[in-house]
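Q: I'm passing along entry_6.cif; it holds mmCIF, C-alpha atoms and all ligand atoms.
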data_start
#
loop_
_atom_site.label_atom_id
_atom_site.label_comp_id
_atom_site.auth_asym_id
_atom_site.auth_seq_id
_atom_site.Cartn_x
_atom_site.Cartn_y
_atom_site.Cartn_z
CA MET A 276 -58.32 -48.00 58.85
CA THR A 277 -58.41 -47.99 62.63
CA ALA A 278 -61.45 -48.85 64.70
CA SER A 279 -61.41 -45.55 66.56
CA LYS A 280 -61.66 -43.40 63.47
CA GLN A 281 -62.05 -39.74 64.34
CA ARG A 282 -64.49 -37.49 62.51
CA VAL A 283 -62.56 -34.67 60.86
CA SER A 284 -64.08 -31.33 59.79
CA TYR A 285 -62.11 -29.06 57.46
CA PHE A 286 -62.69 -25.30 57.31
CA TYR A 287 -61.66 -23.20 54.34
CA GLN A 288 -62.63 -19.96 52.64
CA PRO A 289 -61.44 -19.79 49.01
CA ASP A 290 -60.63 -16.06 49.17
CA VAL A 291 -58.11 -16.38 52.01
CA GLY A 292 -55.25 -17.16 49.63
CA HIS A 293 -55.83 -14.07 47.50
CA PHE A 294 -54.39 -11.55 49.96
CA TYR A 295 -50.92 -10.19 49.43
CA TYR A 296 -48.59 -8.74 52.10
CA GLY A 297 -46.28 -7.13 49.53
CA PRO A 298 -43.54 -8.03 47.04
CA SER A 299 -40.66 -8.77 49.40
CA HIS A 300 -42.71 -9.94 52.36
CA PRO A 301 -42.09 -13.60 53.26
CA MET A 302 -45.68 -14.29 54.39
CA LYS A 303 -47.61 -15.58 51.39
CA PRO A 304 -51.29 -16.39 52.01
CA HIS A 305 -51.17 -18.12 48.62
CA ARG A 306 -49.65 -21.15 50.43
CA ILE A 307 -53.15 -21.83 51.89
CA THR A 308 -54.59 -22.14 48.36
CA MET A 309 -51.70 -24.41 47.38
CA ALA A 310 -52.23 -26.66 50.42
CA HIS A 311 -55.95 -26.79 49.68
CA HIS A 312 -55.39 -27.85 46.08
CA LEU A 313 -52.93 -30.53 47.15
CA ILE A 314 -55.49 -31.83 49.66
CA LEU A 315 -58.11 -31.88 46.89
CA SER A 316 -55.86 -33.58 44.35
CA TYR A 317 -54.98 -36.32 46.85
CA GLY A 318 -58.74 -36.90 47.25
CA LEU A 319 -58.68 -36.21 50.98
CA TYR A 320 -61.83 -34.05 50.83
CA ARG A 321 -63.83 -37.27 50.39
CA LYS A 322 -62.85 -38.47 53.84
CA MET A 323 -63.79 -35.38 55.85
CA GLU A 324 -66.59 -32.86 56.13
CA CYS A 325 -65.61 -29.68 54.30
CA TYR A 326 -67.08 -26.33 55.29
CA ARG A 327 -66.84 -22.83 53.97
CA SER A 328 -66.14 -20.83 57.14
CA HIS A 329 -67.78 -17.52 58.10
CA PRO A 330 -65.85 -14.24 58.33
CA ALA A 331 -65.40 -13.31 62.00
CA SER A 332 -67.14 -10.10 63.13
CA SER A 333 -65.44 -7.33 65.08
CA GLN A 334 -67.61 -8.35 68.02
CA GLU A 335 -66.13 -11.84 67.92
CA MET A 336 -62.60 -10.41 67.75
CA THR A 337 -63.07 -8.13 70.77
CA ALA A 338 -63.59 -11.17 72.98
CA PHE A 339 -59.80 -10.85 73.22
CA HIS A 340 -58.63 -7.75 71.35
CA SER A 341 -59.24 -4.18 72.42
CA GLU A 342 -62.03 -2.33 70.62
CA ASP A 343 -59.82 0.55 69.50
CA TYR A 344 -57.33 -1.86 67.93
CA ILE A 345 -59.98 -3.83 66.01
CA ASN A 346 -61.69 -0.58 65.01
CA PHE A 347 -58.36 0.65 63.62
CA LEU A 348 -57.74 -2.61 61.70
CA SER A 349 -61.21 -2.39 60.16
CA LYS A 350 -60.61 1.17 58.92
CA VAL A 351 -56.99 1.42 57.86
CA ASN A 352 -56.07 0.75 54.22
CA PRO A 353 -53.16 1.62 51.91
CA ASP A 354 -54.94 4.79 50.75
CA ASN A 355 -55.67 6.37 54.14
CA LEU A 356 -52.43 5.55 55.95
CA ARG A 357 -51.66 9.24 56.60
CA LEU A 358 -54.81 9.66 58.64
CA HIS A 359 -53.66 6.93 60.99
CA THR A 360 -49.97 7.69 61.65
CA ASN A 361 -50.27 7.75 65.44
CA HIS A 362 -52.32 4.59 65.60
CA MET A 363 -49.94 2.77 63.31
CA GLN A 364 -47.08 3.27 65.73
CA ARG A 365 -49.21 2.39 68.71
CA PHE A 366 -50.51 -0.81 67.13
CA ASN A 367 -47.20 -1.80 65.49
CA VAL A 368 -48.57 -1.73 61.96
CA GLY A 369 -47.17 -0.16 58.78
CA GLU A 370 -44.10 0.06 56.62
CA TYR A 371 -41.54 0.29 59.43
CA THR A 372 -42.82 -2.93 60.99
CA ASP A 373 -43.18 -6.54 59.87
CA CYS A 374 -46.97 -6.07 59.75
CA PRO A 375 -47.76 -4.00 56.64
CA VAL A 376 -51.11 -2.43 55.80
CA PHE A 377 -52.19 -4.22 52.62
CA ASP A 378 -55.35 -4.25 50.56
CA GLY A 379 -58.07 -6.20 52.33
CA LEU A 380 -56.06 -6.65 55.53
CA TYR A 381 -59.13 -6.64 57.78
CA GLU A 382 -61.04 -9.05 55.55
CA PHE A 383 -58.03 -11.38 55.65
CA THR A 384 -58.10 -11.40 59.47
CA GLN A 385 -61.87 -12.02 59.40
CA LEU A 386 -61.45 -15.06 57.15
CA TYR A 387 -58.69 -16.86 59.03
CA THR A 388 -60.24 -16.04 62.40
CA GLY A 389 -63.76 -17.12 61.38
CA ALA A 390 -62.47 -20.53 60.32
CA SER A 391 -60.78 -21.12 63.70
CA LEU A 392 -63.94 -20.06 65.56
CA ASP A 393 -66.11 -22.31 63.40
CA GLY A 394 -63.80 -25.21 64.19
CA ALA A 395 -64.01 -24.51 67.94
CA VAL A 396 -67.82 -24.28 67.83
CA LYS A 397 -68.07 -27.55 65.91
CA LEU A 398 -65.83 -29.28 68.47
CA ASN A 399 -67.83 -27.79 71.36
CA ARG A 400 -71.04 -29.22 69.92
CA GLY A 401 -69.47 -32.65 69.61
CA ASP A 402 -70.10 -32.62 65.87
CA CYS A 403 -66.53 -33.67 65.09
CA ASP A 404 -63.42 -34.94 66.87
CA VAL A 405 -60.85 -32.95 64.91
CA ALA A 406 -61.33 -29.56 63.24
CA VAL A 407 -58.74 -28.21 60.79
CA ASN A 408 -58.04 -24.63 59.67
CA TRP A 409 -54.74 -24.31 57.83
CA SER A 410 -55.26 -20.54 57.38
CA GLY A 411 -55.20 -19.99 61.18
CA GLY A 412 -52.51 -20.20 63.83
CA LEU A 413 -51.34 -16.56 63.91
CA HIS A 414 -49.77 -16.90 67.32
CA HIS A 415 -47.84 -13.61 67.70
CA ALA A 416 -50.78 -11.13 67.71
CA LYS A 417 -51.34 -9.35 71.04
CA LYS A 418 -54.43 -7.81 72.59
CA SER A 419 -53.72 -4.35 71.18
CA GLU A 420 -50.78 -4.92 68.89
CA ALA A 421 -49.86 -6.66 65.68
CA SER A 422 -46.62 -8.66 65.73
CA GLY A 423 -44.63 -11.05 63.54
CA PHE A 424 -46.97 -10.98 60.49
CA CYS A 425 -49.99 -11.58 62.81
CA TYR A 426 -52.81 -9.06 63.38
CA VAL A 427 -55.68 -10.92 65.03
CA ASN A 428 -54.93 -13.89 67.30
CA ASP A 429 -57.38 -16.51 66.07
CA ILE A 430 -55.82 -19.05 68.45
CA VAL A 431 -56.61 -17.08 71.61
CA LEU A 432 -60.16 -16.47 70.32
CA ALA A 433 -60.69 -20.16 69.55
CA ILE A 434 -59.36 -21.17 72.97
CA LEU A 435 -61.76 -18.70 74.63
CA GLU A 436 -64.58 -20.37 72.68
CA LEU A 437 -63.42 -23.86 73.80
CA LEU A 438 -63.25 -22.65 77.43
CA LYS A 439 -67.03 -22.11 77.32
CA VAL A 440 -67.41 -25.88 77.35
CA HIS A 441 -64.08 -27.28 78.56
CA ALA A 442 -62.56 -26.68 81.97
CA ARG A 443 -59.03 -27.03 80.63
CA VAL A 444 -57.55 -26.47 77.18
CA LEU A 445 -54.04 -27.49 76.10
CA TYR A 446 -52.25 -25.38 73.47
CA ILE A 447 -49.34 -26.98 71.60
CA ASP A 448 -47.09 -24.93 69.29
CA ILE A 449 -44.58 -26.63 66.94
CA ASP A 450 -43.80 -23.47 64.91
CA VAL A 451 -40.07 -22.61 64.97
CA HIS A 452 -40.97 -19.34 66.73
CA HIS A 453 -42.20 -19.05 70.31
CA GLY A 454 -46.02 -18.86 70.63
CA ASP A 455 -45.75 -15.63 72.59
CA GLY A 456 -49.21 -14.12 71.92
CA VAL A 457 -51.04 -17.20 73.16
CA GLU A 458 -48.74 -17.67 76.14
CA GLU A 459 -49.17 -14.04 77.17
CA ALA A 460 -52.98 -14.18 76.92
CA PHE A 461 -53.18 -17.16 79.30
CA TYR A 462 -50.02 -16.57 81.38
CA CYS A 463 -51.94 -16.13 84.64
CA THR A 464 -54.52 -18.91 84.39
CA ASP A 465 -54.42 -22.63 85.10
CA ARG A 466 -57.27 -23.32 82.67
CA VAL A 467 -54.98 -23.12 79.64
CA MET A 468 -51.62 -24.83 79.47
CA THR A 469 -49.33 -23.65 76.68
CA PHE A 470 -46.54 -25.88 75.38
CA SER A 471 -44.20 -24.30 72.82
CA LEU A 472 -41.08 -25.82 71.25
CA HIS A 473 -39.02 -23.17 69.49
CA LYS A 474 -35.65 -21.81 68.51
CA TYR A 475 -34.46 -19.62 71.37
CA GLY A 476 -31.59 -17.13 71.44
CA ASP A 477 -30.85 -14.56 68.77
CA PHE A 478 -34.25 -15.23 67.22
CA PHE A 479 -37.69 -13.65 66.95
CA PRO A 480 -39.64 -12.93 69.16
CA GLY A 481 -37.04 -13.34 71.93
CA THR A 482 -39.42 -14.86 74.50
CA GLY A 483 -39.91 -18.48 75.57
CA HIS A 484 -37.17 -19.00 78.18
CA ILE A 485 -37.50 -22.34 79.97
CA LYS A 486 -37.96 -20.49 83.27
CA ASP A 487 -40.94 -18.52 81.96
CA THR A 488 -43.48 -20.90 83.45
CA GLY A 489 -46.49 -18.65 84.13
CA ALA A 490 -47.57 -16.37 86.96
CA ARG A 491 -50.18 -16.29 89.76
CA GLU A 492 -52.74 -19.08 89.24
CA GLY A 493 -50.96 -19.92 85.99
CA THR A 494 -47.62 -20.69 87.62
CA GLY A 495 -46.30 -23.88 86.05
CA TYR A 496 -48.84 -23.84 83.21
CA SER A 497 -46.60 -22.23 80.58
CA VAL A 498 -44.24 -24.89 79.24
CA ASN A 499 -41.34 -23.75 77.06
CA ALA A 500 -38.80 -25.92 75.26
CA PRO A 501 -36.04 -23.54 74.07
CA LEU A 502 -34.00 -25.18 71.34
CA THR A 503 -31.32 -24.19 68.87
CA SER A 504 -30.62 -24.69 65.18
CA GLY A 505 -30.57 -28.03 63.40
CA MET A 506 -33.29 -29.91 65.31
CA THR A 507 -33.78 -33.36 63.76
CA ASP A 508 -36.85 -35.59 63.81
CA ASP A 509 -35.34 -37.83 66.50
CA ALA A 510 -34.23 -34.98 68.73
CA TYR A 511 -37.62 -33.28 68.44
CA GLU A 512 -39.48 -36.45 69.32
CA ARG A 513 -37.31 -37.00 72.37
CA ILE A 514 -38.64 -33.76 73.84
CA PHE A 515 -42.15 -33.77 72.42
CA LYS A 516 -43.37 -37.22 73.42
CA PRO A 517 -42.24 -37.49 77.06
CA VAL A 518 -43.41 -33.93 77.80
CA MET A 519 -46.76 -34.59 76.11
CA ASP A 520 -47.21 -37.80 78.12
CA ARG A 521 -46.63 -35.90 81.35
CA ILE A 522 -48.89 -33.00 80.30
CA MET A 523 -51.77 -35.32 79.43
CA ASP A 524 -51.26 -37.09 82.72
CA VAL A 525 -51.21 -34.07 85.03
CA PHE A 526 -53.34 -31.55 83.11
CA ARG A 527 -55.96 -33.79 81.49
CA PRO A 528 -57.26 -31.25 78.95
CA GLY A 529 -60.83 -31.42 77.65
CA ALA A 530 -59.70 -29.98 74.32
CA ILE A 531 -56.43 -29.36 72.49
CA VAL A 532 -55.37 -26.65 70.05
CA LEU A 533 -52.37 -27.67 67.93
CA GLN A 534 -50.52 -24.97 66.00
CA CYS A 535 -48.58 -26.65 63.16
CA GLY A 536 -46.32 -23.82 61.98
CA ALA A 537 -44.35 -25.28 59.07
CA ASP A 538 -41.31 -23.00 59.48
CA SER A 539 -39.79 -25.70 61.70
CA LEU A 540 -39.32 -27.84 58.57
CA THR A 541 -36.01 -28.34 56.83
CA GLY A 542 -35.26 -25.71 54.19
CA ASP A 543 -37.60 -23.04 55.54
CA ARG A 544 -36.83 -19.54 54.32
CA LEU A 545 -36.83 -18.09 57.86
CA GLY A 546 -36.52 -21.15 60.10
CA CYS A 547 -33.40 -23.08 61.14
CA PHE A 548 -34.67 -26.51 62.21
CA ASN A 549 -34.16 -29.59 60.06
CA LEU A 550 -37.41 -31.57 60.45
CA SER A 551 -38.87 -33.76 57.73
CA LEU A 552 -42.60 -33.94 57.07
CA ARG A 553 -42.61 -37.24 58.96
CA GLY A 554 -40.97 -35.72 62.06
CA HIS A 555 -43.28 -32.68 62.03
CA GLY A 556 -46.32 -34.85 61.32
CA GLU A 557 -45.41 -37.26 64.10
CA CYS A 558 -46.39 -34.52 66.57
CA VAL A 559 -49.80 -34.40 64.89
CA ARG A 560 -50.17 -38.18 64.97
CA TYR A 561 -49.10 -38.36 68.61
CA THR A 562 -51.44 -35.56 69.70
CA LYS A 563 -54.32 -37.24 67.87
CA SER A 564 -53.57 -40.56 69.59
CA PHE A 565 -54.83 -39.14 72.90
CA ASN A 566 -58.34 -38.99 71.44
CA VAL A 567 -59.15 -35.54 72.85
CA PRO A 568 -61.20 -33.07 70.73
CA THR A 569 -58.54 -31.14 68.80
CA LEU A 570 -58.43 -27.97 66.73
CA VAL A 571 -55.54 -28.18 64.25
CA LEU A 572 -54.20 -24.89 62.87
CA GLY A 573 -51.49 -23.66 60.51
CA GLY A 574 -49.01 -20.92 61.43
CA GLY A 575 -45.64 -19.88 60.05
CA GLY A 576 -44.02 -21.44 57.00
CA TYR A 577 -42.11 -19.49 54.36
CA THR A 578 -40.92 -21.97 51.77
CA ILE A 579 -44.41 -22.20 50.46
CA ARG A 580 -44.14 -25.40 48.39
CA ASN A 581 -43.07 -27.20 51.59
CA VAL A 582 -45.84 -25.59 53.63
CA ALA A 583 -48.40 -27.01 51.21
CA ARG A 584 -46.69 -30.41 51.32
CA CYS A 585 -46.67 -30.36 55.12
CA TRP A 586 -50.32 -29.45 55.66
CA ALA A 587 -51.58 -31.86 52.99
CA TYR A 588 -49.53 -34.63 54.61
CA GLU A 589 -50.80 -33.72 58.09
CA THR A 590 -54.39 -33.76 56.83
CA SER A 591 -53.72 -37.35 55.72
CA VAL A 592 -52.27 -38.17 59.15
CA LEU A 593 -55.46 -36.89 60.79
CA LEU A 594 -57.49 -39.05 58.40
CA ASP A 595 -55.33 -42.18 58.84
CA VAL A 596 -54.71 -42.25 55.09
CA GLU A 597 -51.39 -43.13 53.42
CA LEU A 598 -50.45 -40.74 50.62
CA PRO A 599 -48.36 -41.76 47.62
CA ASP A 600 -45.10 -39.83 47.44
CA GLU A 601 -45.86 -38.74 43.85
CA ILE A 602 -47.54 -35.32 43.88
CA PRO A 603 -50.79 -35.65 41.92
CA TYR A 604 -51.38 -33.19 39.12
CA ASN A 605 -53.01 -29.97 40.36
CA ASP A 606 -53.17 -26.26 39.53
CA TYR A 607 -49.85 -25.56 41.25
CA PHE A 608 -47.98 -28.69 40.13
CA GLU A 609 -44.94 -26.72 38.83
CA TYR A 610 -44.15 -25.51 42.35
CA TYR A 611 -43.15 -29.04 43.33
CA ALA A 612 -40.34 -29.27 40.79
CA PRO A 613 -37.82 -30.73 40.33
CA ASP A 614 -38.76 -34.00 42.07
CA PHE A 615 -42.58 -33.65 42.31
CA LYS A 616 -42.44 -35.72 45.50
CA LEU A 617 -44.38 -35.16 48.69
CA HIS A 618 -41.67 -35.93 51.24
CA LEU A 619 -38.60 -33.85 52.10
CA THR A 620 -35.07 -35.01 52.82
CA PRO A 621 -33.42 -33.22 55.76
CA GLU A 622 -30.20 -31.38 55.06
CA THR A 623 -26.88 -32.96 56.04
CA ARG A 624 -25.89 -30.47 58.67
CA GLU A 625 -25.06 -30.59 62.32
CA ASN A 626 -27.75 -30.53 64.99
CA MET A 627 -26.50 -27.79 67.32
CA ASN A 628 -28.68 -29.22 70.12
CA THR A 629 -26.40 -31.60 72.03
CA GLU A 630 -27.50 -34.76 73.82
CA ALA A 631 -26.84 -32.97 77.08
CA SER A 632 -28.82 -29.85 76.16
CA LEU A 633 -31.80 -31.92 75.01
CA ASP A 634 -31.72 -34.04 78.18
CA SER A 635 -31.57 -30.92 80.28
CA VAL A 636 -34.62 -29.36 78.60
CA ARG A 637 -36.60 -32.58 78.92
CA VAL A 638 -35.71 -33.13 82.57
CA ASP A 639 -36.46 -29.51 83.50
CA LEU A 640 -39.88 -29.63 81.86
CA LEU A 641 -40.81 -33.00 83.39
CA THR A 642 -39.80 -31.62 86.79
CA GLN A 643 -41.87 -28.48 86.26
CA LEU A 644 -44.92 -30.58 85.36
CA MET A 645 -44.46 -32.95 88.28
CA SER A 646 -44.73 -30.05 90.69
CA LEU A 647 -48.26 -29.21 89.53
CA ARG A 648 -50.74 -30.39 92.09
CA GLY A 649 -52.85 -32.12 89.50
CA ALA A 650 -55.58 -31.06 87.15
CA PRO A 651 -57.46 -28.02 88.43
CA SER A 652 -61.18 -27.87 87.93
CA VAL A 653 -63.59 -25.00 87.57
CA GLN A 654 -67.21 -24.78 88.51
CA MET A 655 -69.29 -24.19 85.44
CA ALA A 656 -72.88 -23.40 86.36
CA GLU A 657 -73.95 -22.77 82.84
CA ILE A 658 -72.39 -23.18 79.43
CA PRO A 659 -72.39 -19.82 77.66
CA PRO A 660 -73.90 -19.70 74.16
CA ASP A 661 -71.84 -19.95 70.97
CA PHE A 662 -70.74 -16.70 69.40
CA GLU A 663 -73.27 -17.05 66.65
CA VAL A 664 -75.19 -19.74 64.91
CA MET A 665 -72.77 -20.99 62.31
CA LYS A 666 -73.58 -20.55 58.71
CA GLU A 667 -72.54 -23.86 57.34
CA GLU A 668 -72.30 -24.32 53.67
CA ALA A 669 -71.25 -27.54 52.10
CA MET A 670 -68.09 -26.95 50.14
CA SER A 671 -68.83 -29.37 47.34
CA ASP A 672 -68.46 -26.76 44.66
CA MET A 673 -65.60 -24.91 46.25
CA GLU A 674 -62.56 -24.07 44.21
CA ARG A 675 -62.31 -27.45 42.61
CA GLY A 676 -60.45 -27.33 39.36
CA SER A 677 -60.37 -23.58 39.20
CA THR A 678 -57.59 -21.93 37.28
CA THR A 679 -54.84 -19.88 38.80
CA THR A 680 -55.51 -16.16 38.79
CA ARG A 681 -52.89 -13.57 38.14
CA ASP A 682 -53.12 -12.49 41.78
CA GLU A 683 -52.39 -15.99 42.92
CA GLN A 684 -49.37 -16.21 40.65
CA ARG A 685 -48.12 -12.90 41.97
CA ALA A 686 -48.81 -13.87 45.56
CA GLY A 687 -46.91 -17.07 45.03
CA GLY A 688 -43.86 -15.08 44.09
CA GLY A 689 -43.67 -16.35 40.51
CA MET A 690 -43.66 -20.11 40.99
CA GLY A 691 -41.74 -20.08 44.20
CA MET A 692 -38.89 -17.93 43.00
CA ASN A 693 -39.09 -15.88 46.17
CA ASP A 694 -38.89 -18.97 48.31
CA GLY A 695 -35.17 -18.80 48.74
CA GLY A 696 -33.07 -16.38 50.69
CA SER A 697 -34.02 -14.73 53.92
CA GLY A 698 -32.85 -11.23 53.17
CA ASP A 699 -36.28 -9.70 53.54
CA ASP A 700 -37.45 -11.01 56.86
CA LYS A 701 -38.66 -7.70 58.13
CA ARG A 702 -39.70 -8.98 61.48
CA THR A 703 -38.88 -6.66 64.32
CA ASP A 704 -38.41 -7.57 67.92
CA ARG A 705 -40.16 -5.57 70.57
CA SER A 706 -40.54 -8.08 73.34
CA LEU A 707 -38.74 -9.38 76.39
CA THR A 708 -39.26 -12.52 78.38
CA LYS A 709 -41.44 -12.14 81.45
CA ASP A 710 -38.48 -12.20 83.81
CA GLY A 711 -36.34 -10.10 81.53
CA ARG A 712 -33.80 -12.83 81.05
CA GLY A 713 -34.73 -13.56 77.48
CA GLU A 714 -32.53 -12.15 74.83
CA ARG A 715 -33.94 -9.27 72.94
CA ARG A 716 -32.67 -10.18 69.52
CA GLU A 717 -33.64 -10.13 65.93
CA HIS A 718 -33.45 -12.96 63.48
CA GLU A 719 -30.10 -12.71 61.75
CA ALA A 720 -31.93 -12.55 58.45
CA GLU A 721 -33.32 -9.18 59.48
CA LEU A 722 -29.86 -7.79 59.91
CA ALA A 723 -29.05 -8.81 56.38
CA GLY A 724 -32.23 -7.09 55.17
ZN ZN A 801 -43.02 -19.03 62.91
#
Once you've parsed the file, please lay out its structure as structure tokens.
Ligand SMILES: [Zn+2]

A:
Amino acid sequence: MTASKQRVSYFYQPDVGHFYYGPSHPMKPHRITMAHHLILSYGLYRKMECYRSHPASSQEMTAFHSEDYINFLSKVNPDNLRLHTNHMQRFNVGEYTDCPVFDGLYEFTQLYTGASLDGAVKLNRGDCDVAVNWSGGLHHAKKSEASGFCYVNDIVLAILELLKVHARVLYIDIDVHHGDGVEEAFYCTDRVMTFSLHKYGDFFPGTGHIKDTGAREGTGYSVNAPLTSGMTDDAYERIFKPVMDRIMDVFRPGAIVLQCGADSLTGDRLGCFNLSLRGHGECVRYTKSFNVPTLVLGGGGYTIRNVARCWAYETSVLLDVELPDEIPYNDYFEYYAPDFKLHLTPETRENMNTEASLDSVRVDLLTQLMSLRGAPSVQMAEIPPDFEVMKEEAMSDMERGSTTTRDEQRAGGGMGMNDGGSGDDKRTDRSLTKDGRGERREHEAELAG
């Protein structure tokens, strides 16, 4: 135990894992239930405050999203699709996109968004130092458009909430995909710095060029580390840590939002990096070491047994607890076969990022950050009120020891059988980098599908 122990609040809504994108869709909300049960079986709930989060209202969502888009999401369902054909094209939703209309879609967005907002409110009140919502982190959603399996951008909404209290918020994104929706929302402001490390080139969403650094007042405040396949723990750390040091030095954020997309792990169904849990979790540990109020979110992650491993491990990192490598018995124990171990071994394959390419990215980013004049400040006459008084409910009775429902089994793809192969990544690419230099490409898996 360290002397400067941080108070951690955990937000979860037991229904969030029951939603189902469709049989061949790689996004499985069931992974949130699996992560939760792993966290419970390791006993981590005893070391943090656990809350059942509230479902976000449409009013909360329109703090960022357009009213017609949220109105559409709240009305469309698999039975009335035909009434909404025009809107579906306009909002990039439906069977020809990567964002299907499934049963309970709007409720799903309410649940993951409400948990991120609750975390932000709790941090703003100083009631905790770290807030965690593994169901959040849907970084591709745009103001009036769904994208990359994301419909409502809970991250942008949580950052807007944090900006009511904090002059500057840092967003960090370690998902294998570029955090385009968050970057775009804050591209022209110096009050939010976005730092995304991602695979770039021939990969969804196509944005995140190193020269996309922001515009107008936000020039220099978008930080992009474009990388290629095979990133190892060591290589990742050699970019992450020096850039973080410089960011904390020049930007001095009052709060941090950390998106922990687990598709940057080795063996991900859609990703192509080669990180272990320790390498991925080191970013969490390092971010936490700055002792700034932090909202920790999930994100991508398509080999669901590894997603659960990752977020349970990162919960332990936030709590300064060592976990035994043996997976404790829990409702989803069979998913962790054949080894039933927590940690992952990276694959023996080449890191396509060369020493020279990594040095070049690091040097370019440090140079970009050096040119910032220093931390900007804003005058805040009055702190605006919270969205709503939070309905906090102790989670003591929540989902502990419950049995697996048929829906959960189905959502899990039959004990992880659908974890392999990337033939059904249906993600489409509709975006360009801000300066048009980014490649407009699709993930190669989509071409196979
Ligand atoms: Zn991703």

Q: So which residues touch A:Glu512 within 10 Å, counting all atoms listed in the file, skipping near sequence neighbours fewer than 2 positions away, as a list in words?

A: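 Once the nearby chain positions are removed, what remains is Met506, Thr507, Asp508, Asp509, Ala510, Ile514, Phe515, Lys516, Pro517, Val518, Gly554, His555, Glu557, Cys558 and Tyr561 of chain A.
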
Q: Report, in Å to a single decimal, how far apart atom CA of A:Lys417 and atom CA of A:Asn549 are.

A: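 Distance reported for this atom pair: 28.7 Å.
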
Q: Per residue of chain A within 7 Å of ligand ZN 801 (chain A), note the shortest atom pair and the distance in Å to one decimal, counting all atoms listed in the file, and order the rows by chain and increasing residue number, as a tab-separated table.

A:
residue	atom	partner	partner_atom	distance
A:Asp450	CA	A:ZN801	ZN	4.9
A:Val451	CA	A:ZN801	ZN	5.1
A:His452	CA	A:ZN801	ZN	4.3
A:Gly536	CA	A:ZN801	ZN	5.9
A:Asp538	CA	A:ZN801	ZN	5.5
A:Gly574	CA	A:ZN801	ZN	6.5
A:Gly575	CA	A:ZN801	ZN	4.0
A:Gly576	CA	A:ZN801	ZN	6.5

Q: Could you state the separation of atom CA of A:Arg544 and atom CA of A:Val368 in Å, given to one decimal place?

A: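 Separation between atom CA of A:Arg544 and atom CA of A:Val368: 22.7 Å.
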
Q: Restricting the calculation to only C-alpha atoms, which member of A:Cys535, A:Met468, A:Ala421, A:Met519 is positioned closest to A:Ala442?

A: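 That would be A:Met468, the residue with the smallest distance to A:Ala442.
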
Q: Please list, as a PyMOL selection string, the residues that have an atom at most 12 Å away from (-52.3, -36.6, 50.9) in the coordinates of this file, counting only C-alpha atoms.

A: chain A and resi 310-322+552+583-603+616-618

Q: Could you tell me how far atom CA of A:Phe377 lies from atom CA of A:Cys325, in Å and to one decimal?

A: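 Computing it gives 28.8 Å between the two atoms.
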